[in-house]
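In what follows, a structure is listed as C-alpha cells, so that the remarks can point back to it.
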Amino acid sequence: MTQHTLSKQDYESFRKFLEDACGIVLGENKHYLVTSRLSRLLDEFNFSSLSGMIEKLKQVNNTELKEKIIDAMTTNETSWFRDKYPFEILHDELFTEIAAAKKPAMRIWSAASSSGQEAYSISMTFSEYQTKNPGKFSGRLEIIGTDISPTVLKLAREGKYDELSLARGLSAERLKRFFIDQGDGGFKVRPEIASRCKFSELNLLKNYSILGKFDIIFCRNVLIYFSADIKTDILTRMAKLLNPGGYLFLGGSESPTGYCNLYEMVKFKAGVVYRLK
Ligand SMILES: C[S@@+](CC[C@H](N)C(=O)[O-])C[C@H]1O[C@@H](n2cnc3c(N)ncnc32)[C@H](O)[C@@H]1O
C-alpha cells in the first residue's frame, strides 16, 4: 500500500476543518491517525493524494465527502453497562424518583450513542427495575440515541451484535434474558428492549431543541474530544433540554466544573451524577 504523507499545512488545514465540522480537537501529533483513517477513503473518492482530498474539503458542496471523513475520524469505542455506576444509579435511585412524578413517559437521551450499547443498557436496566418494582412506574420509557456517525447508527438500529462485542460488559444472564440468538454468531436485542429506543443522526454542535425535553441525559465520553468553548456551549444547551431537577451523566473523566455552572454534583453510593440547579 502506498504510504501517504501530510504536510504541516495540510495537517493544520485538516485540524481546522474537523474542529469546525464536529468539535473534535486533534492534538499536534496525530498525523498517523489522520493519514491512516483518511487513506482508506482515497480510492472511494478518486483522490491520488491526501493533500488533494483536504483541499477539496474547502469547497462548500462536498457533503458526502465531509460526512465520510467525519465518520472515519470519530472514535466509537463503547461497551455494555459502561462503568456500571450510571446504570446502578438509574436502577437504585433515579427511576424511583422520576416515577414519583407519575408522568405518562420518562425520556432519556443518549447523546453520543455510538452503536447503541448505552441506550440498550438503559432499556435493560429499566426492564430489571420494572421486574423488581412492579407497578411503581406505569408510564412509558422513551430513549433517544443520537450520534454524528451514520455507520454506528446503522449498527444501533439493527441491534444485532457478535459475541466479541457482547463479551464487553454483558453478563451471561442478561444475554439470555434480553437477546435472541440468531444462529449465525449474532444476537439481536429483544423487541421489549429495542422498542423503547429510537436512533437518529445528530451533530452535537448543531441545534437540538427539536428533540424535546428529557428527564435524564447521558453525554458520556464525547466531551473529552472537544475544546473548552464547545464543552461550555454543549453543556449550556443541554441544560435547556432537561426538565426541572433533571440529571446529566458524563464520562468518568468528564465534569461540568469550569465549563458550566448550571449543574450541581450529586453523589450516590455508586458514583456521581449532575443535576440541573
Ligand atoms: C467514545 S464514543 C462514546 C459512546 C458512549 N457514549 C459511551 O460512553 O460508551 C463517542 C461517540 O461520540 C460521537 N461523536 C463525536 N463527535 C460528535 C458530535 N459532534 N456530535 C455527535 N456525536 C459525536 C462519535 O461518533 C462516537 O460514537
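We name chains A, B, ... following the order of the C-alpha cells; residues begin at 1 in each chain, and ligands are numbered from 1 as shown.
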Selection as a ChimeraX atom specification: residues within 8 Å of ligand 1 by only C-alpha atoms and all ligand atoms
/A:21-24,71,74-80,82,110-115,117-118,146-149,152,201-205,218-222,225,251
Quick one: which region 131-227 of chain A residues come within 12 Å of region 89-101 of chain A, and what is the nearest atom pair for each with the distance in Å to one decimal, counting only C-alpha atoms, rows ordered by chain and ascending number, as a Markdown table?
```
| residue | atom | partner | partner_atom | distance |
| --- | --- | --- | --- | --- |
| A:Thr131 | CA | A:His91 | CA | 11.0 |
| A:Lys132 | CA | A:His91 | CA | 9.6 |
| A:Asn133 | CA | A:Thr96 | CA | 9.0 |
| A:Pro134 | CA | A:Thr96 | CA | 11.5 |
| A:Gly135 | CA | A:Ala99 | CA | 10.0 |
| A:Lys136 | CA | A:Ala99 | CA | 6.8 |
| A:Phe137 | CA | A:Ala99 | CA | 5.2 |
| A:Ser138 | CA | A:Ala99 | CA | 8.2 |
| A:Gly139 | CA | A:Ala99 | CA | 8.2 |
| A:Arg140 | CA | A:Ala99 | CA | 10.3 |
| A:Leu141 | CA | A:Phe95 | CA | 10.1 |
| A:Phe214 | CA | A:Ile98 | CA | 11.1 |
| A:Asp215 | CA | A:Ile98 | CA | 7.6 |
| A:Ile216 | CA | A:Leu94 | CA | 8.9 |
| A:Ile217 | CA | A:Leu90 | CA | 11.5 |
| A:Phe218 | CA | A:Leu90 | CA | 11.2 |
```
For the residues selected in the previous step, produce a file with C-alpha atoms as a JSON list (two decimals), in the first residue's frame.
```
[["chain", "number", "residue", "atom", "x", "y", "z"],
["A", 131, "THR", "CA", -39.40, -6.60, 37.41],
["A", 132, "LYS", "CA", -38.11, -5.65, 40.83],
["A", 133, "ASN", "CA", -40.65, -2.88, 41.42],
["A", 134, "PRO", "CA", -43.88, -3.98, 39.75],
["A", 135, "GLY", "CA", -46.43, -1.21, 39.38],
["A", 136, "LYS", "CA", -44.13, 1.57, 40.57],
["A", 137, "PHE", "CA", -43.99, 3.20, 37.16],
["A", 138, "SER", "CA", -46.80, 2.51, 34.74],
["A", 139, "GLY", "CA", -45.71, 5.01, 32.07],
["A", 140, "ARG", "CA", -43.51, 4.56, 29.01],
["A", 141, "LEU", "CA", -39.76, 4.93, 28.78],
["A", 214, "PHE", "CA", -35.61, 14.97, 28.89],
["A", 215, "ASP", "CA", -35.54, 13.68, 32.46],
["A", 216, "ILE", "CA", -32.02, 12.34, 32.04],
["A", 217, "ILE", "CA", -29.22, 12.93, 29.53],
["A", 218, "PHE", "CA", -26.29, 10.58, 29.02]]
```
Which of these, A:Ala270, A:Leu242, A:Ala228, A:Ala172, has the shortest distance to Met106 (chain A) once you count only C-alpha atoms?
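Ranking A:Ala270, A:Leu242, A:Ala228, A:Ala172 by distance to Met106 (chain A), first place goes to A:Leu242.
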Give me the residues near Gly258 (chain A) as a list in words, where near means some atom within 12 Å (using only C-alpha atoms) and where sequence neighbours in that chain fewer than 6 positions away do not count.
Ala228, Asp229, Lys231, Thr232 and Leu235 of chain A
Please, could you write that set of residues out with C-alpha atoms as a PDB file, in the first residue's frame?
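Generated file (part08.pdb):
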```
ATOM      1  CA  ALA A 228     -13.402  24.261  26.408  1.00  0.00           C
ATOM      2  CA  ASP A 229     -15.690  26.631  24.457  1.00  0.00           C
ATOM      3  CA  LYS A 231     -17.910  21.921  26.138  1.00  0.00           C
ATOM      4  CA  THR A 232     -19.464  25.086  27.615  1.00  0.00           C
ATOM      5  CA  LEU A 235     -23.464  21.719  28.488  1.00  0.00           C
TER       6      LEU A 235
END
```
Got a sec to tell me which of region 22-269 of chain A DSSP assigns to helix (DSSP H, G or I), as a ChimeraX atom specification?
/A:22,31-42,50-56,63-73,85-99,117-132,150-158,163-166,172-178,191-194,209-211,223-225,228-241
With distances taken over only C-alpha atoms, which of A:Val273, A:Leu26, A:Ile54, A:Ile143 is nearest to Ser13 (chain A)?
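Distance minimum relative to Ser13 (chain A) lands on A:Ile54.
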Among the residues A:Tyr11, A:Tyr120, A:Phe268, A:Phe47, the one that comes closest to Lys198 (chain A) [using only C-alpha atoms]
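The closest residue to Lys198 (chain A) is A:Tyr120.
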